[in-house]
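These notes concern the structure reproduced below.
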Amino acid sequence: MHPCSSSCLPRREFLKTVAASMAVATVATTAAAATVAAPGLASPAHAQNTTQNVSQDGPVVLPALPYAPNALEPVISANTLGFHHGKHHAGYVTNANRLLKDSGITATSLEEIVKVSATQKKQALFNNAAQVYNHNLYWQSLTPGGGAIPPKMAELLTRDFGSVDAAKKALADCAVGRFASGWAWLVADPAANGALKIMDTMNADTPLTMGLTPLLVIDVWEHAYYLDYQNKRADHVAAVIDKLLDWNAALARLEQAA
Ligand SMILES: [Fe+2]
C-alpha cells in the first residue's frame, strides 16, 4: 500500500494514515456499512441485471453485475467481463467463505471481515475478502458510456488536484505505475478534512483498512485487461478513465459518507 506519485498521499502523511488504519481496524463498522452486499450505492438506474446475487456457502456473496456483460464494450469486452466477474470475483467469494469458517472471526459484514482479518493478520482470508470488496466497488465504479463529471465533483477535483484533467492524469499515472498487480483509487481522507486523494494499493490491499473512504477504483490486475489489451495497460486505463468511470457514483459515495 503506498502513494503513487507526488500528487498522491505524501509519504509522511501516508505513514500516518497506515498507523491510523491500524487503530480503526478494530472499530465496528457503521450500520450503513454493515451489509455483505456490494459497497457504495444501490444499482444505478440504467442497471440491467443479467445475473442475480449468488449466495455462496457463507455470508460473503457475489453481487450481480449492475449492467449487462456486454454493456462496457468496446472498452471491456463481454468475454473479459465474464471471466473477471464469473471466475475471478466468484473465486474470491468462494475462498473467503471457506477461509472464514475456520478463522474464529464471527463478523458477518464484508467490511468487518476485511478489517478484522487485517488486524488479526489472517492474510489468506484478508486477501480473498478484500478482493471481494475491491471488486464490488470496481463494478460500481464503471457505467456504460461513462458519466459526465458533476459540477460538485469537478469543483472538488480542481480544489485538490488543480484541475479535472490533472486529477485524471494523476489517476492514470497511478494505475499505470502500479508495479505488478493492484488497484488505483480515488479516495476521500476524513483525517484531512475530506480531501480527495489518489493512491494505489498492491495485490488485495484496500483503503478500507486505512481510514479512507473509497470513491472510485480501477482494477489493474492483468486479468482485468489482458484478454483485450494484452500488455498495453496504459491503453486500457486511458479508455476506462475516458469512457467508463462513474463520477456521479463517486460523488454519491462521498456524500453518503459525510
Ligand atoms: Fe480483478
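In the C-alpha cells, each chain is lettered A, B, ... as it comes, each chain's residues begin at 1, and ligands are numbered from 1 in order of appearance.
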
Sorted per-residue table, chain A near ligand 1, closest atoms and distance, 8 Å, only C-alpha atoms and all ligand atoms, as a tab-separated table:
```
residue	atom	partner	partner_atom_place_in_ligand_line	distance
A:His84	CA	ligand 1	1 (Fe)	6.0
A:His85	CA	ligand 1	1 (Fe)	7.9
A:His88	CA	ligand 1	1 (Fe)	6.5
A:His89	CA	ligand 1	1 (Fe)	6.7
A:Gln131	CA	ligand 1	1 (Fe)	7.6
A:His135	CA	ligand 1	1 (Fe)	6.2
A:Asp219	CA	ligand 1	1 (Fe)	5.6
A:Val220	CA	ligand 1	1 (Fe)	7.3
A:Trp221	CA	ligand 1	1 (Fe)	5.7
A:Glu222	CA	ligand 1	1 (Fe)	7.8
A:His223	CA	ligand 1	1 (Fe)	6.0
A:Ala224	CA	ligand 1	1 (Fe)	5.3
```

Pull N, CA and C atoms from the residues just selected and write them as a PDB file, in the first residue's frame.
```pdb
ATOM      1  N   HIS A  84     -13.875 -12.177 -15.590  1.00  0.00           N
ATOM      2  CA  HIS A  84     -13.498 -11.371 -14.424  1.00  0.00           C
ATOM      3  C   HIS A  84     -14.523 -11.525 -13.290  1.00  0.00           C
ATOM      4  N   HIS A  85     -15.785 -11.388 -13.659  1.00  0.00           N
ATOM      5  CA  HIS A  85     -16.842 -11.488 -12.644  1.00  0.00           C
ATOM      6  C   HIS A  85     -17.154 -12.939 -12.301  1.00  0.00           C
ATOM      7  N   HIS A  88     -12.948 -14.910 -11.581  1.00  0.00           N
ATOM      8  CA  HIS A  88     -12.035 -14.312 -10.597  1.00  0.00           C
ATOM      9  C   HIS A  88     -12.792 -13.803  -9.361  1.00  0.00           C
ATOM     10  N   HIS A  89     -13.774 -12.935  -9.594  1.00  0.00           N
ATOM     11  CA  HIS A  89     -14.527 -12.384  -8.470  1.00  0.00           C
ATOM     12  C   HIS A  89     -15.237 -13.506  -7.707  1.00  0.00           C
ATOM     13  N   GLN A 131     -10.404  -8.721  -1.782  1.00  0.00           N
ATOM     14  CA  GLN A 131     -10.618  -8.772  -3.231  1.00  0.00           C
ATOM     15  C   GLN A 131     -12.105  -8.757  -3.567  1.00  0.00           C
ATOM     16  N   HIS A 135     -13.534  -5.668  -5.752  1.00  0.00           N
ATOM     17  CA  HIS A 135     -14.264  -5.918  -6.997  1.00  0.00           C
ATOM     18  C   HIS A 135     -15.699  -5.403  -6.931  1.00  0.00           C
ATOM     19  N   ASP A 219      -9.203  -1.536 -11.467  1.00  0.00           N
ATOM     20  CA  ASP A 219      -8.501  -2.811 -11.290  1.00  0.00           C
ATOM     21  C   ASP A 219      -7.373  -2.885 -12.316  1.00  0.00           C
ATOM     22  N   VAL A 220      -6.136  -3.031 -11.853  1.00  0.00           N
ATOM     23  CA  VAL A 220      -5.026  -3.173 -12.788  1.00  0.00           C
ATOM     24  C   VAL A 220      -4.317  -4.520 -12.632  1.00  0.00           C
ATOM     25  N   TRP A 221      -5.031  -5.501 -12.078  1.00  0.00           N
ATOM     26  CA  TRP A 221      -4.554  -6.871 -12.217  1.00  0.00           C
ATOM     27  C   TRP A 221      -4.635  -7.247 -13.703  1.00  0.00           C
ATOM     28  N   GLU A 222      -3.745  -8.073 -14.160  1.00  0.00           N
ATOM     29  CA  GLU A 222      -3.763  -8.405 -15.589  1.00  0.00           C
ATOM     30  C   GLU A 222      -5.073  -9.042 -16.024  1.00  0.00           C
ATOM     31  N   HIS A 223      -5.749  -9.764 -15.120  1.00  0.00           N
ATOM     32  CA  HIS A 223      -6.990 -10.406 -15.538  1.00  0.00           C
ATOM     33  C   HIS A 223      -8.058  -9.378 -15.929  1.00  0.00           C
ATOM     34  N   ALA A 224      -7.855  -8.117 -15.541  1.00  0.00           N
ATOM     35  CA  ALA A 224      -8.836  -7.074 -15.863  1.00  0.00           C
ATOM     36  C   ALA A 224      -8.757  -6.615 -17.310  1.00  0.00           C
TER      37      ALA A 224
END
```

Spatial neighbours of A:Ala118, 9 Å, only C-alpha atoms, chain gap at least 3 places, as a list in words: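 Non-adjacent residues within range: Met22, Ala25, Ile113, Val114, Lys115, Lys121, Lys122, Gln123, Leu125, Phe126, Asn127 and Thr209 of chain A.
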
Inset, instruction - Taking the DSSP assignment computed from this structure's backbone, write out as JSON, numbers by chain all residues of stretch 163-225 of chain A that belong to strand (DSSP E or B). - result: {"A": [182, 183, 184, 185, 186, 187, 188, 189, 195, 196, 197, 198, 199, 200, 201, 202, 213, 214, 215, 216, 217, 218, 219]}

Taking C-alpha atoms for each residue, export the selection above as a CSV table (one decimal), in the first residue's frame.
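In the end it all went to out.csv:
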```
chain,number,residue,atom,x,y,z
A,182,GLY,CA,-3.1,-4.0,-7.7
A,183,TRP,CA,-5.6,-1.1,-7.8
A,184,ALA,CA,-5.7,2.6,-8.4
A,185,TRP,CA,-8.1,4.6,-6.2
A,186,LEU,CA,-9.8,8.0,-5.8
A,187,VAL,CA,-10.4,8.3,-2.0
A,188,ALA,CA,-11.5,10.9,0.5
A,189,ASP,CA,-9.5,11.4,3.6
A,195,ALA,CA,-9.6,16.0,0.9
A,196,LEU,CA,-9.7,13.9,-2.3
A,197,LYS,CA,-6.6,11.8,-2.9
A,198,ILE,CA,-5.3,9.4,-5.5
A,199,MET,CA,-3.4,6.3,-4.4
A,200,ASP,CA,-2.6,2.8,-5.5
A,201,THR,CA,-2.6,-0.4,-3.5
A,202,MET,CA,-0.8,-3.7,-4.0
A,213,THR,CA,-13.3,6.5,2.0
A,214,PRO,CA,-13.0,4.7,-1.3
A,215,LEU,CA,-14.8,6.6,-4.1
A,216,LEU,CA,-13.6,5.1,-7.4
A,217,VAL,CA,-11.3,2.2,-8.2
A,218,ILE,CA,-9.6,0.8,-11.3
A,219,ASP,CA,-8.5,-2.8,-11.3
```

In Å and to one decimal, atom CA of A:Leu72 is distant from atom CA of A:Asp235 by 15.2 Å

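Within stretch 144-200 of chain A, DSSP run on the backbone puts these residues in helix (DSSP H, G or I): Pro151, Lys152, Met153, Ala154, Glu155, Leu156, Leu157, Thr158, Arg159, Asp160, Phe161, Val164, Asp165, Ala166, Ala167, Lys168, Lys169, Ala170, Leu171, Ala172, Asp173, Cys174, Ala175, Val176, Gly177, Pro190, Ala191 and Ala192 of chain A.
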